[in-house]
Amino acid sequence: MPQFSPAGCRAFHGAQSTLLHHEPSTEGERVPFLTQDQPFIAGSDLENGASPDPSAVGSDNTDKSPVITVTSLPAFYTADDHISSPVPPRWRWTGRIPLLSACVGRGYFARSQAPLSEKPSPRKPLKIVLRLLAYALMLLGLVEFITLACGVFFSFFPSEGLDNHGKLESSIDVSPALLQWPTDFSADVHAVACHSHNDYWRKEPLFSALRAGCTGVEADVWLYNEELYVGHTTASLTPQRTLRSLYIDPLVRILDQQNPTTSFHPSADTPRGGVFDTNPAQTLVLLIDFKNDGKATWPYVYEQLAPLRQKGYLTHFNGTKTIEGPITVVVTGNAPYMNVVASPDYRDMFFDAPLDIFEQLDPGTPAIKHPRLTAEDLQSPTKRDTPDQGQGRSGAAPENAAIYAPANSYYASVSFQNSIGYPWQGKLSSKQINKIRKQIAGAHNRGLKVRYWGVPNWPRGMRNYLWRVLYQEGIDYLNVDDLRAATQGNWNWDKKPSWFSGPWRFWSS
């Protein structure tokens with residue numbers, strides 16, 4: 001064990017360390033080699049066991065080690081004594097922890113006598129930037145929350161109610177007889193060239209579409225136990241929701257009201273007036289999608305249309321020309337084309353032709369008013385006797401575009417995504433636009449109404465862009481799910497041709 005000489009310690013100057021004012025005499029309890037409170041110099045030589053020269057230490061001020069003073073504490077030292085003592089503020093945290101003297105009766109603590117002046121480190125620019133970014137994100141989140149809260153609040157007030165504020169109200173009581181007339185079913189409703197896709201999903205099948213002004217509705221029918229049930233899948237079928245109850249019977253009542261016989265109007269019009277009082281000549285398309293066996297379903301559909309047929313409400317082909325009526329029945333899905341053209345003298349159920357095949361039709365080819373099927377058309381490798389591949393691509397649809405005409409068909413339909421594709425570049429490419437133009441021109445050349453189904457509904461900015469393009473290119477019916485946006489929205493006509501110019505455009509309406 002190394003021996004330390006007295007020369008290795010700094011001489012005691014006779015001045016004892018300042019004791020706390022409550023400290024009693026502790027002479028009998030001194031540590032043997034610390035008979036007095038002495039300051040020591042923590043030097044590297046001392047730590048290695050060597051005894052440096054005191055005079056050298058005193059003369060040379062190269063050793064900047066802090067001076068440590070060890071002070072004996074009484075057993076009854078309290079936190080109040082420590083707080084009143086001249087301890088630098090940086091050590092005041094010691095008053096917040098339990099004292100060791102309370103556990104062992106007496107303890108020692110070290111107090112630094114080195115200067116505590118330290119320059120505060122400057123803030124790093126990165127921290128400032130990150131903090132500003134955090135504040136910006138918090139502000140953005142607050143704005144988004146306010147927007148969502150306002151949206152939830154205004155959702156309790158339908159915008160339909162806002163339309164009533166601008167209407168003039170009579171200052172006197174008006175007799176109900178003055179507010180009604182025989183053909184007021186669709187009063188103030190204006191026809192719009194839109195097709196209510198899967199209309200049976202509406203809150204009020206048929207009536208929701210008519211209230212919006214749609215001139216086309218759609219019903220998917222399933223044949224079970226000699227009855228035609230309406231629904232998208234068999235899981236959604238109910239005994240009450242039939243083709244007769246949802247569409248046939250309501251249409252008969254509506255058309256009877258729109259074609260009254262009164263003293264002012266003793267005879268019915270020819271052709272009959274349609275469902276829209278603002279445009280009685282406008283026909284309403286009833287698209288019937290055969291979901292299961294088409295050949296077995298055909299006679300039941302034909303039979304249930306009898307009330308409309310007997311009253312002259314159906315568009316029909318009389319052997320020489322097509323006479324448009326208030327209701328135009330179009331069959332699609334698994335509907336057999338051969339049943340449509342079976343009678344050369346009378347037809348009131350028209351086919352939904354495949355639109356994509358008209359792309360290959362030469363626009364200069366003259367239209368055939370009364371096309372006749374040939375053996376080649378019936379035996380060519382078409383999609384006959386194959387499962388339904390969607391509206392316009394029926395399993396019984398011939399591939400020869402020249403045979404389709406108003407005498408046997410009304411719609412020309414195809415899936416937009418399957419035929420045209422997705423606008424991956426933010427807008428339709430020139431190739432896609434040319435394809436649309438060729439299909440529309442070919443169908444119009446054959447006298448058919450163009451309809452694309454399966455147009456993407458989201459993002460809404462893209463949907464509105466596609467609606468604008470299709471309208472500008474000349475489609476006849478816009479296949480829609482959102483009736484309100486299609487009939488009352490502005491479709492963002494003031495936007496750029498490209499549907500995407502930022503994330504916010506996803507929510508444009």
# chains A, B, ... in the order shown; residues from 1 in each chain; ligands from 1
>>> select_by_dssp(residues="range 174-389 of chain A", states="helix (DSSP H, G or I)", output="VMD selection string")
chain A and resid 176 to 179 199 to 201 207 to 212 234 to 236 243 to 258 294 to 304 306 to 310 337 to 340 355 to 360 375 to 379
>>> select_by_dssp(residues="range 194-427 of chain A", states="strand (DSSP E)", output="JSON list (two decimals) with N, CA, C and O atoms, in the first residue's frame")
[["chain", "number", "residue", "atom", "x", "y", "z"],
["A", 194, "CYS", "N", -79.42, 10.84, -68.38],
["A", 194, "CYS", "CA", -78.62, 9.99, -67.49],
["A", 194, "CYS", "C", -79.37, 8.69, -67.23],
["A", 194, "CYS", "O", -80.61, 8.65, -67.25],
["A", 195, "HIS", "N", -78.61, 7.64, -67.00],
["A", 195, "HIS", "CA", -79.16, 6.32, -66.75],
["A", 195, "HIS", "C", -78.90, 5.95, -65.29],
["A", 195, "HIS", "O", -77.74, 5.96, -64.83],
["A", 196, "SER", "N", -79.94, 5.66, -64.55],
["A", 196, "SER", "CA", -79.83, 5.31, -63.13],
["A", 196, "SER", "C", -79.34, 3.88, -63.00],
["A", 196, "SER", "O", -80.11, 2.93, -63.08],
["A", 214, "CYS", "N", -83.73, 11.60, -64.43],
["A", 214, "CYS", "CA", -83.07, 10.58, -65.24],
["A", 214, "CYS", "C", -84.05, 9.99, -66.24],
["A", 214, "CYS", "O", -85.22, 9.73, -65.91],
["A", 215, "THR", "N", -83.56, 9.74, -67.44],
["A", 215, "THR", "CA", -84.40, 9.18, -68.50],
["A", 215, "THR", "C", -84.10, 7.71, -68.74],
["A", 215, "THR", "O", -84.49, 7.16, -69.78],
["A", 216, "GLY", "N", -83.42, 7.06, -67.81],
["A", 216, "GLY", "CA", -83.16, 5.63, -67.91],
["A", 216, "GLY", "C", -83.04, 5.02, -66.53],
["A", 216, "GLY", "O", -82.42, 5.61, -65.63],
["A", 217, "VAL", "N", -83.65, 3.86, -66.33],
["A", 217, "VAL", "CA", -83.57, 3.12, -65.06],
["A", 217, "VAL", "C", -83.21, 1.68, -65.38],
["A", 217, "VAL", "O", -83.40, 1.20, -66.50],
["A", 218, "GLU", "N", -82.72, 0.99, -64.38],
["A", 218, "GLU", "CA", -82.20, -0.37, -64.58],
["A", 218, "GLU", "C", -82.72, -1.31, -63.50],
["A", 218, "GLU", "O", -82.73, -0.95, -62.32],
["A", 219, "ALA", "N", -83.13, -2.51, -63.94],
["A", 219, "ALA", "CA", -83.62, -3.53, -63.01],
["A", 219, "ALA", "C", -82.98, -4.87, -63.37],
["A", 219, "ALA", "O", -83.07, -5.31, -64.52],
["A", 220, "ASP", "N", -82.32, -5.49, -62.39],
["A", 220, "ASP", "CA", -81.76, -6.83, -62.57],
["A", 220, "ASP", "C", -82.81, -7.84, -62.12],
["A", 220, "ASP", "O", -83.29, -7.77, -60.98],
["A", 221, "VAL", "N", -83.18, -8.78, -62.99],
["A", 221, "VAL", "CA", -84.27, -9.71, -62.69],
["A", 221, "VAL", "C", -83.73, -11.14, -62.60],
["A", 221, "VAL", "O", -82.84, -11.53, -63.35],
["A", 222, "TRP", "N", -84.30, -11.87, -61.65],
["A", 222, "TRP", "CA", -83.98, -13.28, -61.43],
["A", 222, "TRP", "C", -85.29, -14.07, -61.51],
["A", 222, "TRP", "O", -86.27, -13.71, -60.86],
["A", 223, "LEU", "N", -85.27, -15.13, -62.28],
["A", 223, "LEU", "CA", -86.45, -15.98, -62.42],
["A", 223, "LEU", "C", -86.39, -17.11, -61.41],
["A", 223, "LEU", "O", -85.50, -17.96, -61.46],
["A", 224, "TYR", "N", -87.39, -17.12, -60.48],
["A", 224, "TYR", "CA", -87.52, -18.20, -59.50],
["A", 224, "TYR", "C", -89.00, -18.48, -59.30],
["A", 224, "TYR", "O", -89.78, -17.56, -59.02],
["A", 227, "GLU", "N", -91.62, -16.34, -61.09],
["A", 227, "GLU", "CA", -91.73, -14.93, -60.70],
["A", 227, "GLU", "C", -90.40, -14.25, -60.95],
["A", 227, "GLU", "O", -89.33, -14.87, -60.81],
["A", 228, "LEU", "N", -90.45, -12.98, -61.31],
["A", 228, "LEU", "CA", -89.25, -12.20, -61.59],
["A", 228, "LEU", "C", -88.94, -11.30, -60.39],
["A", 228, "LEU", "O", -89.69, -10.35, -60.10],
["A", 229, "TYR", "N", -87.87, -11.62, -59.68],
["A", 229, "TYR", "CA", -87.46, -10.85, -58.50],
["A", 229, "TYR", "C", -86.33, -9.90, -58.90],
["A", 229, "TYR", "O", -85.49, -10.22, -59.75],
["A", 230, "VAL", "N", -86.30, -8.75, -58.26],
["A", 230, "VAL", "CA", -85.33, -7.70, -58.59],
["A", 230, "VAL", "C", -84.28, -7.62, -57.49],
["A", 230, "VAL", "O", -84.62, -7.52, -56.30],
["A", 284, "LEU", "N", -88.75, 7.03, -71.55],
["A", 284, "LEU", "CA", -88.02, 6.52, -70.38],
["A", 284, "LEU", "C", -87.54, 5.11, -70.69],
["A", 284, "LEU", "O", -88.35, 4.23, -71.01],
["A", 285, "VAL", "N", -86.23, 4.88, -70.60],
["A", 285, "VAL", "CA", -85.65, 3.57, -70.91],
["A", 285, "VAL", "C", -85.73, 2.69, -69.66],
["A", 285, "VAL", "O", -85.26, 3.08, -68.59],
["A", 286, "LEU", "N", -86.34, 1.54, -69.81],
["A", 286, "LEU", "CA", -86.37, 0.53, -68.75],
["A", 286, "LEU", "C", -85.44, -0.60, -69.18],
["A", 286, "LEU", "O", -85.79, -1.42, -70.03],
["A", 287, "LEU", "N", -84.23, -0.61, -68.61],
["A", 287, "LEU", "CA", -83.23, -1.63, -68.94],
["A", 287, "LEU", "C", -83.43, -2.82, -68.01],
["A", 287, "LEU", "O", -83.29, -2.70, -66.79],
["A", 288, "ILE", "N", -83.73, -3.98, -68.59],
["A", 288, "ILE", "CA", -83.95, -5.20, -67.82],
["A", 288, "ILE", "C", -82.78, -6.13, -68.07],
["A", 288, "ILE", "O", -82.54, -6.57, -69.20],
["A", 289, "ASP", "N", -82.05, -6.40, -67.00],
["A", 289, "ASP", "CA", -80.85, -7.25, -67.07],
["A", 289, "ASP", "C", -81.22, -8.66, -66.65],
["A", 289, "ASP", "O", -81.57, -8.91, -65.49],
["A", 290, "PHE", "N", -81.14, -9.61, -67.60],
["A", 290, "PHE", "CA", -81.46, -11.01, -67.30],
["A", 290, "PHE", "C", -80.26, -11.63, -66.57],
["A", 290, "PHE", "O", -79.18, -11.76, -67.14],
["A", 316, "HIS", "N", -92.11, 0.53, -80.01],
["A", 316, "HIS", "CA", -92.22, -0.74, -80.73],
["A", 316, "HIS", "C", -91.82, -0.56, -82.19],
["A", 316, "HIS", "O", -91.86, 0.56, -82.76],
["A", 317, "PHE", "N", -91.44, -1.67, -82.79],
["A", 317, "PHE", "CA", -91.13, -1.75, -84.21],
["A", 317, "PHE", "C", -92.30, -2.47, -84.88],
["A", 317, "PHE", "O", -92.64, -3.59, -84.50],
["A", 322, "THR", "N", -89.64, 2.19, -86.41],
["A", 322, "THR", "CA", -89.72, 2.15, -84.95],
["A", 322, "THR", "C", -90.48, 3.37, -84.47],
["A", 322, "THR", "O", -90.13, 4.51, -84.78],
["A", 323, "ILE", "N", -91.53, 3.13, -83.70],
["A", 323, "ILE", "CA", -92.37, 4.20, -83.15],
["A", 323, "ILE", "C", -92.02, 4.34, -81.67],
["A", 323, "ILE", "O", -92.19, 3.39, -80.88],
["A", 327, "ILE", "N", -92.32, 4.47, -72.85],
["A", 327, "ILE", "CA", -91.40, 3.51, -72.24],
["A", 327, "ILE", "C", -90.69, 2.74, -73.34],
["A", 327, "ILE", "O", -91.35, 2.19, -74.24],
["A", 328, "THR", "N", -89.36, 2.67, -73.27],
["A", 328, "THR", "CA", -88.57, 1.86, -74.19],
["A", 328, "THR", "C", -87.90, 0.77, -73.38],
["A", 328, "THR", "O", -87.06, 1.06, -72.50],
["A", 329, "VAL", "N", -88.25, -0.47, -73.64],
["A", 329, "VAL", "CA", -87.71, -1.61, -72.92],
["A", 329, "VAL", "C", -86.48, -2.12, -73.65],
["A", 329, "VAL", "O", -86.55, -2.44, -74.86],
["A", 330, "VAL", "N", -85.35, -2.19, -72.93],
["A", 330, "VAL", "CA", -84.10, -2.71, -73.48],
["A", 330, "VAL", "C", -83.68, -3.90, -72.62],
["A", 330, "VAL", "O", -83.70, -3.80, -71.39],
["A", 331, "VAL", "N", -83.32, -5.00, -73.27],
["A", 331, "VAL", "CA", -82.92, -6.20, -72.54],
["A", 331, "VAL", "C", -81.42, -6.41, -72.72],
["A", 331, "VAL", "O", -80.86, -6.12, -73.78],
["A", 332, "THR", "N", -80.77, -6.87, -71.67],
["A", 332, "THR", "CA", -79.33, -7.05, -71.68],
["A", 332, "THR", "C", -78.97, -8.23, -70.79],
["A", 332, "THR", "O", -79.84, -8.97, -70.33],
["A", 333, "GLY", "N", -77.69, -8.40, -70.53],
["A", 333, "GLY", "CA", -77.24, -9.53, -69.72],
["A", 333, "GLY", "C", -77.33, -10.82, -70.51],
["A", 333, "GLY", "O", -76.73, -10.95, -71.58],
["A", 349, "MET", "N", -89.27, -5.18, -77.32],
["A", 349, "MET", "CA", -88.12, -5.41, -76.44],
["A", 349, "MET", "C", -86.88, -5.36, -77.32],
["A", 349, "MET", "O", -86.69, -6.20, -78.20],
["A", 350, "PHE", "N", -86.02, -4.36, -77.03],
["A", 350, "PHE", "CA", -84.88, -4.10, -77.90],
["A", 350, "PHE", "C", -83.58, -4.54, -77.21],
["A", 350, "PHE", "O", -83.49, -4.63, -75.99],
["A", 351, "PHE", "N", -82.58, -4.79, -78.05],
["A", 351, "PHE", "CA", -81.34, -5.38, -77.57],
["A", 351, "PHE", "C", -80.34, -4.30, -77.15],
["A", 351, "PHE", "O", -80.39, -3.17, -77.63],
["A", 352, "ASP", "N", -79.46, -4.68, -76.25],
["A", 352, "ASP", "CA", -78.34, -3.83, -75.81],
["A", 352, "ASP", "C", -77.09, -4.30, -76.56],
["A", 352, "ASP", "O", -76.44, -5.27, -76.17],
["A", 353, "ALA", "N", -76.75, -3.61, -77.64],
["A", 353, "ALA", "CA", -75.67, -4.05, -78.53],
["A", 353, "ALA", "C", -74.30, -3.81, -77.89],
["A", 353, "ALA", "O", -74.14, -2.88, -77.08],
["A", 354, "PRO", "N", -73.30, -4.61, -78.27],
["A", 354, "PRO", "CA", -71.93, -4.40, -77.77],
["A", 354, "PRO", "C", -71.27, -3.21, -78.45],
["A", 354, "PRO", "O", -71.03, -3.22, -79.66],
["A", 409, "SER", "N", -82.32, -2.94, -81.84],
["A", 409, "SER", "CA", -81.50, -2.51, -80.70],
["A", 409, "SER", "C", -81.78, -1.05, -80.40],
["A", 409, "SER", "O", -82.22, -0.28, -81.26],
["A", 410, "TYR", "N", -81.48, -0.67, -79.17],
["A", 410, "TYR", "CA", -81.62, 0.73, -78.75],
["A", 410, "TYR", "C", -80.31, 1.24, -78.16],
["A", 410, "TYR", "O", -79.76, 2.23, -78.61],
["A", 411, "TYR", "N", -79.82, 0.57, -77.10],
["A", 411, "TYR", "CA", -78.54, 0.93, -76.50],
["A", 411, "TYR", "C", -77.39, 0.25, -77.26],
["A", 411, "TYR", "O", -77.56, -0.82, -77.85],
["A", 412, "ALA", "N", -76.20, 0.87, -77.17],
["A", 412, "ALA", "CA", -74.93, 0.23, -77.49],
["A", 412, "ALA", "C", -74.03, 0.49, -76.29],
["A", 412, "ALA", "O", -73.62, 1.63, -76.05],
["A", 413, "SER", "N", -73.76, -0.54, -75.52],
["A", 413, "SER", "CA", -73.10, -0.38, -74.21],
["A", 413, "SER", "C", -71.85, -1.22, -74.12],
["A", 413, "SER", "O", -71.71, -2.24, -74.81],
["A", 414, "VAL", "N", -70.95, -0.80, -73.24],
["A", 414, "VAL", "CA", -69.74, -1.56, -72.94],
["A", 414, "VAL", "C", -69.14, -1.02, -71.65],
["A", 414, "VAL", "O", -69.40, 0.14, -71.26],
["A", 415, "SER", "N", -68.34, -1.84, -70.99],
["A", 415, "SER", "CA", -67.64, -1.40, -69.78],
["A", 415, "SER", "C", -66.54, -0.41, -70.17],
["A", 415, "SER", "O", -65.71, -0.68, -71.05]]
>>> residues_around(residues="Arg211 in chain A", least_positions_apart="3", cutoff="10 Å", atoms="only C-alpha atoms", output="PyMOL selection string")
chain A and resi 185-191+204+206-208+214+276+483
>>> write_last_selection(atoms="all heavy atoms", output="compact mmCIF listing (two decimals), in the first residue's frame")
# COMPACT_ATOMS: atom_id res chain seq x y z
N PHE A 185 -97.60 15.03 -61.94
CA PHE A 185 -96.74 14.06 -61.27
C PHE A 185 -95.29 14.52 -61.27
O PHE A 185 -94.60 14.48 -60.25
CB PHE A 185 -96.87 12.69 -61.93
CG PHE A 185 -95.77 11.74 -61.54
CD1 PHE A 185 -95.77 11.13 -60.29
CD2 PHE A 185 -94.71 11.48 -62.40
CE1 PHE A 185 -94.75 10.26 -59.92
CE2 PHE A 185 -93.69 10.62 -62.04
CZ PHE A 185 -93.70 10.02 -60.79
N SER A 186 -94.80 14.93 -62.42
CA SER A 186 -93.40 15.35 -62.55
C SER A 186 -93.29 16.85 -62.75
O SER A 186 -92.47 17.33 -63.55
CB SER A 186 -92.74 14.61 -63.72
OG SER A 186 -93.46 14.84 -64.91
N ALA A 187 -94.10 17.59 -62.03
CA ALA A 187 -94.09 19.05 -62.17
C ALA A 187 -92.72 19.61 -61.85
O ALA A 187 -92.10 19.24 -60.84
CB ALA A 187 -95.14 19.65 -61.26
N ASP A 188 -92.23 20.48 -62.70
CA ASP A 188 -90.97 21.19 -62.49
C ASP A 188 -89.76 20.26 -62.51
O ASP A 188 -88.69 20.62 -62.03
CB ASP A 188 -90.99 21.97 -61.17
CG ASP A 188 -89.99 23.12 -61.18
OD1 ASP A 188 -89.67 23.60 -62.27
OD2 ASP A 188 -89.51 23.49 -60.10
N VAL A 189 -89.90 19.06 -63.06
CA VAL A 189 -88.78 18.14 -63.23
C VAL A 189 -88.39 18.15 -64.70
O VAL A 189 -89.24 17.94 -65.57
CB VAL A 189 -89.15 16.71 -62.78
CG1 VAL A 189 -88.00 15.76 -63.06
CG2 VAL A 189 -89.49 16.69 -61.30
N HIS A 190 -87.12 18.36 -64.96
CA HIS A 190 -86.63 18.44 -66.33
C HIS A 190 -85.80 17.20 -66.65
O HIS A 190 -84.94 16.79 -65.85
CB HIS A 190 -85.80 19.71 -66.53
CG HIS A 190 -86.59 20.97 -66.32
ND1 HIS A 190 -87.27 21.59 -67.33
CD2 HIS A 190 -86.83 21.70 -65.19
CE1 HIS A 190 -87.88 22.67 -66.86
NE2 HIS A 190 -87.63 22.76 -65.56
N ALA A 191 -86.06 16.63 -67.79
CA ALA A 191 -85.40 15.39 -68.18
C ALA A 191 -83.91 15.62 -68.42
O ALA A 191 -83.50 16.64 -69.00
CB ALA A 191 -86.05 14.83 -69.45
N GLU A 204 -85.87 5.07 -53.05
CA GLU A 204 -87.16 4.82 -53.68
C GLU A 204 -86.91 4.40 -55.12
O GLU A 204 -86.71 5.26 -55.98
CB GLU A 204 -88.04 6.08 -53.65
CG GLU A 204 -88.43 6.55 -52.27
CD GLU A 204 -89.28 7.80 -52.32
OE1 GLU A 204 -90.52 7.67 -52.47
OE2 GLU A 204 -88.72 8.90 -52.26
N LEU A 206 -87.12 3.69 -58.89
CA LEU A 206 -87.84 4.37 -59.95
C LEU A 206 -88.12 5.83 -59.61
O LEU A 206 -87.77 6.74 -60.38
CB LEU A 206 -89.15 3.65 -60.28
CG LEU A 206 -90.02 4.30 -61.37
CD1 LEU A 206 -89.31 4.34 -62.70
CD2 LEU A 206 -91.36 3.61 -61.49
N PHE A 207 -88.71 6.12 -58.46
CA PHE A 207 -89.12 7.49 -58.15
C PHE A 207 -87.94 8.40 -57.85
O PHE A 207 -87.98 9.60 -58.17
CB PHE A 207 -90.11 7.48 -56.97
CG PHE A 207 -91.42 6.84 -57.30
CD1 PHE A 207 -91.65 5.50 -57.02
CD2 PHE A 207 -92.43 7.56 -57.91
CE1 PHE A 207 -92.85 4.89 -57.33
CE2 PHE A 207 -93.65 6.97 -58.23
CZ PHE A 207 -93.86 5.63 -57.94
N SER A 208 -86.89 7.87 -57.24
CA SER A 208 -85.70 8.71 -57.01
C SER A 208 -85.09 9.14 -58.34
O SER A 208 -84.67 10.30 -58.50
CB SER A 208 -84.67 7.93 -56.19
OG SER A 208 -85.16 7.65 -54.89
N CYS A 214 -83.73 11.60 -64.43
CA CYS A 214 -83.07 10.58 -65.24
C CYS A 214 -84.05 9.99 -66.24
O CYS A 214 -85.22 9.73 -65.91
CB CYS A 214 -82.50 9.48 -64.35
SG CYS A 214 -80.96 9.94 -63.55
N PHE A 276 -92.56 12.76 -68.05
CA PHE A 276 -92.10 14.11 -67.75
C PHE A 276 -93.08 15.12 -68.33
O PHE A 276 -93.25 15.21 -69.54
CB PHE A 276 -90.70 14.34 -68.32
CG PHE A 276 -89.65 13.45 -67.73
CD1 PHE A 276 -89.19 12.34 -68.43
CD2 PHE A 276 -89.13 13.70 -66.47
CE1 PHE A 276 -88.23 11.52 -67.89
CE2 PHE A 276 -88.18 12.87 -65.91
CZ PHE A 276 -87.72 11.77 -66.62
N LEU A 483 -76.88 10.28 -58.48
CA LEU A 483 -77.87 11.04 -59.25
C LEU A 483 -77.74 12.54 -59.01
O LEU A 483 -77.88 13.34 -59.94
CB LEU A 483 -79.28 10.58 -58.89
CG LEU A 483 -79.62 9.11 -59.18
CD1 LEU A 483 -81.04 8.82 -58.75
CD2 LEU A 483 -79.42 8.80 -60.65
>>> residues_around(residues="Tyr313 in chain A", least_positions_apart="5", cutoff="9 Å", atoms="only C-alpha atoms", output="PyMOL selection string")
chain A and resi 252+255+271-274+307-308+325-328
>>> closest_residue(among="A:Ile475, A:Phe264, A:Leu305, A:Ile146", to="Ile440 in chain A", atoms="only C-alpha atoms")
A:Ile475
>>> residues_around(residues="Val455 in chain A", least_positions_apart="5", cutoff="8 Å", atoms="only C-alpha atoms", output="PyMOL selection string")
chain A and resi 415-417+463+466+479
>>> atom_distance(atom1="CA of Arg451 in chain A", atom2="CA of Asn434 in chain A")
16.5 Å
>>> atom_distance(atom1="CA of Arg437 in chain A", atom2="CA of Glu473 in chain A")
6.6 Å
